[in-house]
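Peer 1: Quick one: the structure is below, questions incoming.
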Amino acid sequence: MTNEMQYIYAIYQEKSFSKAAKKLYISQPALSAMVKKVEQKIGYLIFDRNTIPLTVTKEGKYYIKCVENILNIEKNMESYFKDLKNLDSGKIVIGASSFFCAFTLPKLISKFRENYPKVDIEVIEGNIKELREGLEKNTIDLIMETAVSPDDEKLKTYFYKNENILLAVPKKWKINNELKEYQLTYEDIKNNRHLSKEKLSVPLIKFKDFSFITMKKGNDQYVRGLALCKKAGFTPKSSYKIDQIMTGYHIAISTLSAVVFVRDLLIVDEQETDKLIYYKLDEELSIRPIYIATKKGKYISVLEKEFIKLACSESIISINKKDNP
């Protein structure tokens, strides 16, 4: 990549000529002169200097996109040759929500290190917006998430497994006496009995008058929980609004004052409790796929491929079939 492209991309990232000049250790007049030279060469303005912060023009967006394509090519080339040199060491950066960081990734990383003990694996916790930004900026190699789609043109996605959303209800509540045929215990879930087609989904309408612990708006589980209730014919009354489902689960156990939608993977990984009863829900909305994803067009190292294969238990399914690792 040419110096001019690097300088213009720095201005785009910093949204300021002065900040970019400091970052690049050059004077602002010299940087401005270089940009004007490039703009004269292509015949169009790259930056709209009348906006604060600085923005790019329509033509500038195309220029920046081309620069990013070149950056990706250079990074992929660098990664390819680095890959050839060193297959038993290196680094993988994996991003995920707090749940996967706490419950899923530690086990996978431990197994992975049995074969690749010298590989450095960094785990970054974040929400979906932060994780996607990490992929875009190449600071994260892989993410594990439910809030991604195989139809996303910017991502290459690999199916990991499905998780099931269940309803957790305080065991002492009298409503459970009416619903014995639908009930599930910790042992049932641990042994995957809730996955059986013979196990009936509870009529969720039975809980329309009870308090719910819900996720905050914007969370995929909030959307699914609301959709489940609306399909049953009611809007849930929220007594707690929380950021993490783990928090909601423990509130349900400690207060016994509300029901909560909870993922089956969490129930199995938590300590057994005799304070809650679980119920299967409408399968159309309660089954949620988990994906491992990376940036479309990014070079996937041998180590990253091996991690994906391990995570998917040697039966990886590439949603983008042309890009099997």
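Chain identifiers are assigned as A, B, and so on, following the order in which chains appear in the structure tokens; residues are numbered from 1 within each chain, and ligands are numbered from 1 in order of appearance.
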Within 6 Å of Val169 of chain A, counting only C-alpha atoms, which residues show up once you throw out same-chain ones fewer than 2 positions away? Write them as a list in words, please.

Peer 2: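 That gives Val259, Leu276 and Ile277 of chain A.
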
Peer 1: For Asn72 of chain A, work out the shell of residues within 10 Å, counting only C-alpha atoms and skipping chain neighbours fewer than 5 positions away, then give it as a list in words.

Peer 2: Cys66, Val67, Met77, Glu78, Lys137, Asn138, Gly297, Lys298 and Tyr299 of chain A

Peer 1: Restricting the calculation to only C-alpha atoms: of A:Asp152, A:Lys107, A:Tyr249, A:Thr294, which residue gets closest to Leu131 of chain A?

Peer 2: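 Between A:Asp152, A:Lys107, A:Tyr249, A:Thr294, the residue approaching Leu131 of chain A most closely is A:Thr294.
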
Peer 1: Kindly indicate which residue among A:Phe99, A:Tyr116, A:Tyr12, A:Phe47 lies nearest to Thr247 of chain A, using only C-alpha atoms for the distances.

Peer 2: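 Ranking A:Phe99, A:Tyr116, A:Tyr12, A:Phe47 by distance to Thr247 of chain A, first place goes to A:Phe99.
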
Peer 1: Could you tell me which of A:Phe234, A:Tyr240, A:Tyr182, A:Phe159 comes closest to Phe212 of chain A if we count only C-alpha atoms?

Peer 2: A:Tyr240

Peer 1: To one decimal in Å, tell me the separation between atom CA of Lys172 of chain A and atom CA of Glu283 of chain A.

Peer 2: 26.1 Å

Peer 1: As a PyMOL selection string, please: the residues near Ser16 of chain A (cut-off 8 Å, only C-alpha atoms, same-chain neighbours under 4 positions excluded).

Peer 2: chain A and resi 11-12+20+53-54

Peer 1: Could you write those residues out with C-alpha atoms, as a short mmCIF file (atom, residue, chain, number, x, y, z; two decimals), in the first residue's frame?

Peer 2:
```
data_model
loop_
_atom_site.label_atom_id
_atom_site.label_comp_id
_atom_site.auth_asym_id
_atom_site.auth_seq_id
_atom_site.Cartn_x
_atom_site.Cartn_y
_atom_site.Cartn_z
CA ILE A 11 -7.52 10.53 8.54
CA TYR A 12 -10.64 8.44 7.91
CA ALA A 20 -4.11 11.84 12.06
CA PRO A 53 -16.26 15.47 12.77
CA LEU A 54 -14.71 15.07 9.35
#
```

Peer 1: Which one is closest to Lys154 of chain A: A:Glu181, A:Arg132, A:Leu31, A:Ser110? Count only C-alpha atoms.

Peer 2: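 Looking only at the distances to Lys154 of chain A, the closest residue turns out to be A:Arg132.
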
Peer 1: Between A:Ile26, A:Val260, A:Ile242, A:Ala168, which residue has the minimum interatomic distance to Thr273 of chain A, considering only C-alpha atoms?

Peer 2: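 Going through A:Ile26, A:Val260, A:Ile242, A:Ala168 one by one, the smallest distance to Thr273 of chain A is for A:Ala168.
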
Peer 1: Just checking: using only C-alpha atoms, which residue out of A:Gly43, A:Gly248, A:Gly90, A:Gly225 ends up closest to Ile165 of chain A?

Peer 2: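 Going through A:Gly43, A:Gly248, A:Gly90, A:Gly225 one by one, the smallest distance to Ile165 of chain A is for A:Gly225.
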
Peer 1: I'd like the contact shell of Lys75 of chain A - 12 Å cut-off, only C-alpha atoms, skipping same-chain residues fewer than 4 positions apart - returned as a PyMOL selection string.

Peer 2: chain A and resi 1+68-71+79-83+137-139+297-301

Peer 1: I need the chosen residues saved as a CSV table (one decimal), in the first residue's frame, with N, CA, C and O atoms.

Peer 2:
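Printed below is result15.csv as written:
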```
chain,number,residue,atom,x,y,z
A,1,MET,N,0.8,-1.2,0.0
A,1,MET,CA,0.0,0.0,0.0
A,1,MET,C,0.9,1.2,0.0
A,1,MET,O,1.9,1.3,0.7
A,68,GLU,N,-9.3,-0.5,2.1
A,68,GLU,CA,-9.6,-1.6,3.1
A,68,GLU,C,-9.4,-3.0,2.4
A,68,GLU,O,-8.9,-3.9,3.0
A,69,ASN,N,-9.8,-3.1,1.1
A,69,ASN,CA,-9.5,-4.3,0.3
A,69,ASN,C,-8.1,-4.6,0.2
A,69,ASN,O,-7.6,-5.7,0.3
A,70,ILE,N,-7.3,-3.6,-0.1
A,70,ILE,CA,-5.8,-3.7,-0.2
A,70,ILE,C,-5.2,-4.1,1.2
A,70,ILE,O,-4.4,-5.0,1.2
A,71,LEU,N,-5.7,-3.5,2.3
A,71,LEU,CA,-5.3,-3.9,3.6
A,71,LEU,C,-5.5,-5.4,3.9
A,71,LEU,O,-4.7,-6.1,4.4
A,79,SER,N,-0.4,-13.3,6.7
A,79,SER,CA,-0.9,-14.5,7.5
A,79,SER,C,-0.6,-15.8,6.9
A,79,SER,O,-0.2,-16.8,7.6
A,80,TYR,N,-0.7,-15.9,5.6
A,80,TYR,CA,-0.4,-17.1,4.8
A,80,TYR,C,1.0,-17.6,5.0
A,80,TYR,O,1.3,-18.7,5.4
A,81,PHE,N,2.0,-16.6,4.8
A,81,PHE,CA,3.4,-17.0,4.9
A,81,PHE,C,3.8,-17.2,6.4
A,81,PHE,O,4.7,-18.1,6.6
A,82,LYS,N,3.2,-16.5,7.3
A,82,LYS,CA,3.4,-16.8,8.7
A,82,LYS,C,2.9,-18.1,9.1
A,82,LYS,O,3.5,-18.9,9.9
A,83,ASP,N,1.8,-18.5,8.5
A,83,ASP,CA,1.2,-19.8,8.7
A,83,ASP,C,2.1,-21.0,8.3
A,83,ASP,O,2.3,-22.0,9.0
A,137,LYS,N,-12.1,-4.7,12.2
A,137,LYS,CA,-10.8,-4.1,12.4
A,137,LYS,C,-9.6,-5.1,12.5
A,137,LYS,O,-8.5,-4.7,12.7
A,138,ASN,N,-10.0,-6.4,12.3
A,138,ASN,CA,-9.0,-7.4,12.4
A,138,ASN,C,-8.3,-7.5,13.7
A,138,ASN,O,-7.2,-8.0,13.8
A,139,THR,N,-9.0,-7.1,14.8
A,139,THR,CA,-8.4,-7.3,16.1
A,139,THR,C,-9.0,-8.6,16.8
A,139,THR,O,-8.5,-9.0,17.8
A,297,GLY,N,-13.7,-13.0,3.6
A,297,GLY,CA,-12.5,-12.6,2.9
A,297,GLY,C,-11.2,-12.6,3.7
A,297,GLY,O,-10.1,-12.5,3.1
A,298,LYS,N,-11.3,-12.8,5.0
A,298,LYS,CA,-10.1,-12.9,5.8
A,298,LYS,C,-9.4,-14.3,5.6
A,298,LYS,O,-10.1,-15.3,5.5
A,299,TYR,N,-8.1,-14.3,5.6
A,299,TYR,CA,-7.4,-15.6,5.6
A,299,TYR,C,-7.6,-16.3,6.9
A,299,TYR,O,-7.3,-15.8,7.9
A,300,ILE,N,-8.0,-17.5,6.8
A,300,ILE,CA,-8.2,-18.4,8.0
A,300,ILE,C,-7.0,-19.2,8.2
A,300,ILE,O,-6.7,-20.1,7.3
A,301,SER,N,-6.2,-19.0,9.3
A,301,SER,CA,-5.0,-19.8,9.5
A,301,SER,C,-5.3,-21.2,9.8
A,301,SER,O,-6.4,-21.6,10.1
```

Peer 1: So how many Å separate atom CA of Leu256 of chain A and atom CA of Asn177 of chain A, to one decimal?

Peer 2: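 We find that atom CA of Leu256 of chain A and atom CA of Asn177 of chain A lie 16.3 Å from each other.
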
Peer 1: Using only C-alpha atoms, which residues sit within 8 Å of Glu304 of chain A once same-chain residues fewer than 4 positions away are excluded, as JSON, numbers by chain?

Peer 2: {"A": [92, 141, 142, 300, 308]}

Peer 1: Keeping only N, CA, C and O atoms, write the selected residues to a file as a short mmCIF file (atom, residue, chain, number, x, y, z; two decimals), in the first residue's frame.

Peer 2:
```
data_model
loop_
_atom_site.label_atom_id
_atom_site.label_comp_id
_atom_site.auth_asym_id
_atom_site.auth_seq_id
_atom_site.Cartn_x
_atom_site.Cartn_y
_atom_site.Cartn_z
N ILE A 92 -4.44 -16.87 18.48
CA ILE A 92 -5.81 -16.76 18.01
C ILE A 92 -6.55 -15.85 18.98
O ILE A 92 -6.46 -16.02 20.20
N ASP A 141 -10.13 -12.63 15.57
CA ASP A 141 -10.10 -13.59 14.48
C ASP A 141 -11.42 -14.34 14.32
O ASP A 141 -11.92 -14.50 13.20
N LEU A 142 -11.97 -14.79 15.43
CA LEU A 142 -13.20 -15.59 15.41
C LEU A 142 -14.14 -15.07 16.50
O LEU A 142 -13.67 -14.60 17.54
N ILE A 300 -8.00 -17.55 6.81
CA ILE A 300 -8.19 -18.36 8.01
C ILE A 300 -6.97 -19.24 8.18
O ILE A 300 -6.68 -20.10 7.34
N ILE A 308 -11.85 -24.38 14.89
CA ILE A 308 -13.23 -24.52 14.43
C ILE A 308 -13.62 -26.00 14.36
O ILE A 308 -14.71 -26.40 14.80
#
```

Peer 1: Write out as a ChimeraX atom specification the set of residues from segment 78-126 of chain A that DSSP, computed on the backbone, places in alpha helix (DSSP H).

Peer 2: /A:78-85,98-99,105-115

Peer 1: Restricting it to C-alpha atoms, dump the selection as a PDB file, in the first residue's frame.

Peer 2:
```pdb
ATOM      1  CA  GLU A  78       1.241 -11.943   5.641  1.00  0.00           C
ATOM      2  CA  SER A  79      -0.870 -14.470   7.544  1.00  0.00           C
ATOM      3  CA  TYR A  80      -0.411 -17.116   4.845  1.00  0.00           C
ATOM      4  CA  PHE A  81       3.378 -17.008   4.913  1.00  0.00           C
ATOM      5  CA  LYS A  82       3.442 -16.769   8.694  1.00  0.00           C
ATOM      6  CA  ASP A  83       1.216 -19.831   8.749  1.00  0.00           C
ATOM      7  CA  LEU A  84       3.673 -21.819   6.650  1.00  0.00           C
ATOM      8  CA  LYS A  85       6.528 -21.012   9.002  1.00  0.00           C
ATOM      9  CA  SER A  98     -19.972 -13.248  28.668  1.00  0.00           C
ATOM     10  CA  PHE A  99     -21.893 -16.542  28.674  1.00  0.00           C
ATOM     11  CA  LEU A 105     -14.707 -21.324  25.520  1.00  0.00           C
ATOM     12  CA  PRO A 106     -12.654 -22.390  28.572  1.00  0.00           C
ATOM     13  CA  LYS A 107     -13.439 -26.066  27.885  1.00  0.00           C
ATOM     14  CA  LEU A 108     -12.743 -25.742  24.150  1.00  0.00           C
ATOM     15  CA  ILE A 109      -9.493 -23.879  24.725  1.00  0.00           C
ATOM     16  CA  SER A 110      -8.340 -26.466  27.252  1.00  0.00           C
ATOM     17  CA  LYS A 111      -8.927 -29.278  24.732  1.00  0.00           C
ATOM     18  CA  PHE A 112      -7.290 -27.285  21.941  1.00  0.00           C
ATOM     19  CA  ARG A 113      -4.147 -26.729  23.998  1.00  0.00           C
ATOM     20  CA  GLU A 114      -3.720 -30.471  24.414  1.00  0.00           C
ATOM     21  CA  ASN A 115      -2.711 -30.527  20.737  1.00  0.00           C
TER      22      ASN A 115
END
```

Peer 1: Please return as a PyMOL selection string: the residues of segment 126-239 of chain A that backbone DSSP assigns to strand (DSSP E).

Peer 2: chain A and resi 142-145+155-170+183-184+211-215+237-239
